[in-house]
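What follows is one structure encoded as C-alpha cells, with my remarks underneath.
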Amino acid sequence: MWLSGSTQALGEALQPGGAAVTIESPYPFRRSLDAANAIQHFHVDGALTLRGVTLTNGFADADSCGDSHQHGLNHECRGGSIYAGLGASLSLVDVEIFRSRARHGGAVYAAHATVDVVHSVFEENRASEEGGAFYVLDAVSGDDDGAAAAAAFAATESTFLYNVAPESGAVFVAGTATLADVVFRA
C-alpha cells in the first residue's frame, strides 16, 4: 500500500487483519498519519511493515483499561500509535512516531509479538505507567494471560528522544531485546 498526500487524518484505527501488509511512502516523500489525539493508528494481529512513514498524536485511552496487570486483554489503553497482538510481527523501517500516548507503551505496545526497528525516531511519546515509547510483553513474565508466544524486540540505528513514563521512560521489554547503535536521551 502506498500513501499519497503529505498528511492524512485518521477517523479510526487501521486494522490490517491477519495478513502480511506493507505500508510505505515513496522516497523521498515522507507521508504522515495524524490520529489527532483521539485513536490508535494501527491494531495489528498479523504482520505489518511500515517504511518511511510518520505517525503523530496517537492515543489509547488510559481510563478504559481496567486492571493494569491484565496485559494483552484490552488494546484500548495500550500502544498510543500501534497495538501488536498475540503472535504479531511488526517491522518499522525509517519510521517516526511523535507525541503519542497510552497507559502502557506510549508509541507501541506489543503483546507476545516480535518488533524490529531500523533507522527510526521516537520522540515525546508518553505512557502513564510503563514504556514511554515501547512496551513489549513476553509470555514468560508473571502477569500475562498464559499465551505461549514469546516477545522479541530489536532496534538498530534508531533514536529515542524525550519519551516519558514513571517506569522505563523509553523502552520496557519483558523478554529478549537486542540494541545496536541506538541513542536514548531524556
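Each chain in the C-alpha cells gets a letter, A, B, ..., in the order shown, and its residues are numbered from 1; ligands are numbered from 1 in order too.
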
Determine, counting only C-alpha atoms, which protein, DNA and RNA residues have an atom within 6 Å of an atom of range 82-85 of chain A; residues of the same chain fewer than 6 positions away are not included. Present the result as an NGL selection string. :A and (41-45 or 108-111)

Mind writing the picked residues with all heavy atoms as a short mmCIF file (atom, residue, chain, number, x, y, z; two decimals), in the first residue's frame?
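Result went into part_19.cif, see below:
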```cif
data_model
loop_
_atom_site.label_atom_id
_atom_site.label_comp_id
_atom_site.auth_asym_id
_atom_site.auth_seq_id
_atom_site.Cartn_x
_atom_site.Cartn_y
_atom_site.Cartn_z
N HIS A 41 -3.23 4.43 15.66
CA HIS A 41 -3.06 4.36 14.21
C HIS A 41 -3.33 2.95 13.68
O HIS A 41 -4.03 2.79 12.68
CB HIS A 41 -1.63 4.76 13.82
CG HIS A 41 -1.31 6.19 14.06
ND1 HIS A 41 -0.82 6.64 15.26
CD2 HIS A 41 -1.42 7.26 13.27
CE1 HIS A 41 -0.64 7.94 15.19
NE2 HIS A 41 -0.99 8.35 13.99
N PHE A 42 -2.76 1.93 14.37
CA PHE A 42 -2.87 0.56 13.89
C PHE A 42 -3.14 -0.41 15.03
O PHE A 42 -2.59 -0.26 16.11
CB PHE A 42 -1.56 0.11 13.20
CG PHE A 42 -1.23 0.87 11.96
CD1 PHE A 42 -0.35 1.93 12.01
CD2 PHE A 42 -1.80 0.51 10.75
CE1 PHE A 42 -0.03 2.64 10.86
CE2 PHE A 42 -1.50 1.22 9.60
CZ PHE A 42 -0.61 2.28 9.66
N HIS A 43 -3.96 -1.41 14.72
CA HIS A 43 -4.18 -2.57 15.61
C HIS A 43 -3.79 -3.77 14.76
O HIS A 43 -4.47 -4.10 13.80
CB HIS A 43 -5.63 -2.62 16.06
CG HIS A 43 -5.89 -3.71 17.03
ND1 HIS A 43 -7.12 -3.96 17.56
CD2 HIS A 43 -5.08 -4.63 17.60
CE1 HIS A 43 -7.06 -4.98 18.39
NE2 HIS A 43 -5.83 -5.40 18.42
N VAL A 44 -2.68 -4.44 15.13
CA VAL A 44 -2.08 -5.46 14.28
C VAL A 44 -2.22 -6.84 14.91
O VAL A 44 -1.88 -7.04 16.07
CB VAL A 44 -0.57 -5.17 14.08
CG1 VAL A 44 0.05 -6.20 13.16
CG2 VAL A 44 -0.37 -3.76 13.57
N ASP A 45 -2.71 -7.80 14.13
CA ASP A 45 -2.74 -9.19 14.60
C ASP A 45 -2.06 -10.14 13.62
O ASP A 45 -2.04 -11.34 13.80
CB ASP A 45 -4.15 -9.66 14.93
CG ASP A 45 -5.08 -9.63 13.74
OD1 ASP A 45 -4.63 -9.30 12.63
OD2 ASP A 45 -6.26 -9.93 13.92
N VAL A 108 4.16 2.29 21.08
CA VAL A 108 3.89 0.93 20.63
C VAL A 108 3.76 -0.01 21.82
O VAL A 108 4.57 0.03 22.75
CB VAL A 108 5.03 0.41 19.72
CG1 VAL A 108 4.78 -1.03 19.30
CG2 VAL A 108 5.19 1.30 18.49
N TYR A 109 2.74 -0.86 21.77
CA TYR A 109 2.57 -1.95 22.73
C TYR A 109 2.55 -3.25 21.93
O TYR A 109 1.79 -3.38 20.97
CB TYR A 109 1.25 -1.80 23.49
CG TYR A 109 0.99 -2.90 24.50
CD1 TYR A 109 1.39 -2.76 25.82
CD2 TYR A 109 0.36 -4.08 24.13
CE1 TYR A 109 1.16 -3.76 26.76
CE2 TYR A 109 0.13 -5.09 25.05
CZ TYR A 109 0.52 -4.92 26.37
OH TYR A 109 0.29 -5.91 27.29
N ALA A 110 3.41 -4.19 22.31
CA ALA A 110 3.46 -5.48 21.64
C ALA A 110 3.25 -6.58 22.66
O ALA A 110 4.06 -6.75 23.57
CB ALA A 110 4.79 -5.66 20.92
N ALA A 111 2.15 -7.31 22.54
CA ALA A 111 1.81 -8.40 23.46
C ALA A 111 2.19 -9.73 22.82
O ALA A 111 1.51 -10.17 21.90
CB ALA A 111 0.33 -8.37 23.80
#
```

Please identify all polymer residues within 7 Å of range 50-63 of chain A, counting only C-alpha atoms, omitting same-chain residues fewer than 4 positions from it, and present them as number ranges by chain. A: 22-25, 30-41, 76-81, 91-103

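Relative to CA of Phe122 in chain A, CA of Thr178 in chain A is found at 16.9 Å.
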
So that I can see what lies close to Gly131 in chain A, please list as a CSV table (one decimal) with N, CA and C atoms, in the first residue's frame the residues with an atom at most 6 Å from it, counting only C-alpha atoms and leaving out residues fewer than 4 positions away in the same chain.
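As written to disk, selection-v2.csv reads:
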```
chain,number,residue,atom,x,y,z
A,104,HIS,N,0.3,2.0,28.7
A,104,HIS,CA,1.5,1.2,28.5
A,104,HIS,C,1.9,1.4,27.1
A,105,GLY,N,3.2,1.7,26.9
A,105,GLY,CA,3.7,1.9,25.5
A,105,GLY,C,3.1,3.1,24.8
A,135,TYR,N,6.4,-0.8,24.9
A,135,TYR,CA,6.2,-1.8,25.9
A,135,TYR,C,6.0,-3.1,25.2
A,165,ALA,N,7.8,8.1,31.0
A,165,ALA,CA,6.9,7.2,31.7
A,165,ALA,C,7.4,7.1,33.2
A,168,SER,N,10.6,2.9,33.1
A,168,SER,CA,11.1,2.6,31.8
A,168,SER,C,10.7,3.7,30.8
A,169,GLY,N,11.3,4.9,31.0
A,169,GLY,CA,11.0,6.1,30.2
A,169,GLY,C,10.9,5.9,28.7
A,170,ALA,N,11.8,5.1,28.1
A,170,ALA,CA,11.8,5.0,26.7
A,170,ALA,C,11.3,3.6,26.3
A,171,VAL,N,11.9,2.5,26.8
A,171,VAL,CA,11.5,1.2,26.4
A,171,VAL,C,11.4,0.2,27.6
A,172,PHE,N,10.3,-0.5,27.6
A,172,PHE,CA,10.1,-1.6,28.6
A,172,PHE,C,10.0,-2.9,27.8
```

When you count only C-alpha atoms, which of these residues is closest to Ala133 in chain A: A:Val121, A:Ala113, A:Val21, A:Ala154?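 Between A:Val121, A:Ala113, A:Val21, A:Ala154, the residue approaching Ala133 in chain A most closely is A:Val121.
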
Nearest residue to Gly46 in chain A from the set A:Glu157, A:Tyr162, A:Pro28, A:Ser89 (distances using only C-alpha atoms): A:Ser89

Nearest-residue call for Leu90 in chain A, choices A:Thr49, A:Ala180, A:Ala127, A:Val118, using only C-alpha atoms: A:Thr49

Mind pulling up the distance from CA of Glu124 in chain A to CA of Ala186 in chain A?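 Going from CA of Ala186 in chain A over to CA of Glu124 in chain A covers 9.6 Å.
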
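Minimum distance to Val164 in chain A across A:Ala107, A:Ala88, A:Leu48, A:Val115 (counting only C-alpha atoms) occurs at A:Ala107.
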
I'd like the neighbourhood of Ala174 in chain A as an MDAnalysis selection string, where a residue qualifies if any of its atoms comes within 7 Å (using only C-alpha atoms), though same-chain residues fewer than 2 positions away should be ignored. chainID A and resid 136:138 141 172

Using only all heavy atoms, please write the residues we just selected to a file, as a PDB file, in the first residue's frame.
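Saved the output as selection_35.pdb:
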```pdb
ATOM      1  N   VAL A 136       6.994  -4.002  25.428  1.00  0.00           N
ATOM      2  CA  VAL A 136       6.991  -5.304  24.759  1.00  0.00           C
ATOM      3  C   VAL A 136       6.869  -6.371  25.840  1.00  0.00           C
ATOM      4  O   VAL A 136       7.736  -6.500  26.697  1.00  0.00           O
ATOM      5  CB  VAL A 136       8.271  -5.515  23.922  1.00  0.00           C
ATOM      6  CG1 VAL A 136       8.227  -6.859  23.205  1.00  0.00           C
ATOM      7  CG2 VAL A 136       8.436  -4.377  22.915  1.00  0.00           C
ATOM      8  N   LEU A 137       5.801  -7.139  25.797  1.00  0.00           N
ATOM      9  CA  LEU A 137       5.489  -8.125  26.825  1.00  0.00           C
ATOM     10  C   LEU A 137       5.771  -9.534  26.328  1.00  0.00           C
ATOM     11  O   LEU A 137       5.274  -9.951  25.285  1.00  0.00           O
ATOM     12  CB  LEU A 137       4.013  -8.024  27.227  1.00  0.00           C
ATOM     13  CG  LEU A 137       3.544  -8.988  28.297  1.00  0.00           C
ATOM     14  CD1 LEU A 137       4.206  -8.686  29.624  1.00  0.00           C
ATOM     15  CD2 LEU A 137       2.028  -8.912  28.430  1.00  0.00           C
ATOM     16  N   ASP A 138       6.565 -10.271  27.100  1.00  0.00           N
ATOM     17  CA  ASP A 138       6.911 -11.652  26.793  1.00  0.00           C
ATOM     18  C   ASP A 138       5.975 -12.597  27.542  1.00  0.00           C
ATOM     19  O   ASP A 138       5.536 -12.305  28.643  1.00  0.00           O
ATOM     20  CB  ASP A 138       8.360 -11.907  27.219  1.00  0.00           C
ATOM     21  CG  ASP A 138       8.884 -13.256  26.774  1.00  0.00           C
ATOM     22  OD1 ASP A 138       8.121 -14.059  26.213  1.00  0.00           O
ATOM     23  OD2 ASP A 138      10.069 -13.506  26.996  1.00  0.00           O
ATOM     24  N   SER A 141       6.673 -13.524  31.394  1.00  0.00           N
ATOM     25  CA  SER A 141       6.501 -12.639  32.542  1.00  0.00           C
ATOM     26  C   SER A 141       5.334 -13.150  33.380  1.00  0.00           C
ATOM     27  O   SER A 141       4.426 -13.806  32.882  1.00  0.00           O
ATOM     28  CB  SER A 141       6.256 -11.197  32.097  1.00  0.00           C
ATOM     29  OG  SER A 141       5.025 -11.077  31.453  1.00  0.00           O
ATOM     30  N   PHE A 172      10.294  -0.501  27.639  1.00  0.00           N
ATOM     31  CA  PHE A 172      10.114  -1.569  28.614  1.00  0.00           C
ATOM     32  C   PHE A 172      10.011  -2.875  27.835  1.00  0.00           C
ATOM     33  O   PHE A 172       9.172  -2.998  26.949  1.00  0.00           O
ATOM     34  CB  PHE A 172       8.828  -1.367  29.430  1.00  0.00           C
ATOM     35  CG  PHE A 172       8.538  -2.511  30.360  1.00  0.00           C
ATOM     36  CD1 PHE A 172       9.032  -2.514  31.646  1.00  0.00           C
ATOM     37  CD2 PHE A 172       7.782  -3.590  29.938  1.00  0.00           C
ATOM     38  CE1 PHE A 172       8.772  -3.567  32.514  1.00  0.00           C
ATOM     39  CE2 PHE A 172       7.522  -4.658  30.790  1.00  0.00           C
ATOM     40  CZ  PHE A 172       8.026  -4.643  32.076  1.00  0.00           C
TER      41      PHE A 172
END
```

Can you work out the spacing between CA of Val173 in chain A and CA of Phe153 in chain A in Å, to one decimal?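 Result for CA of Val173 in chain A versus CA of Phe153 in chain A: 7.3 Å, one decimal.
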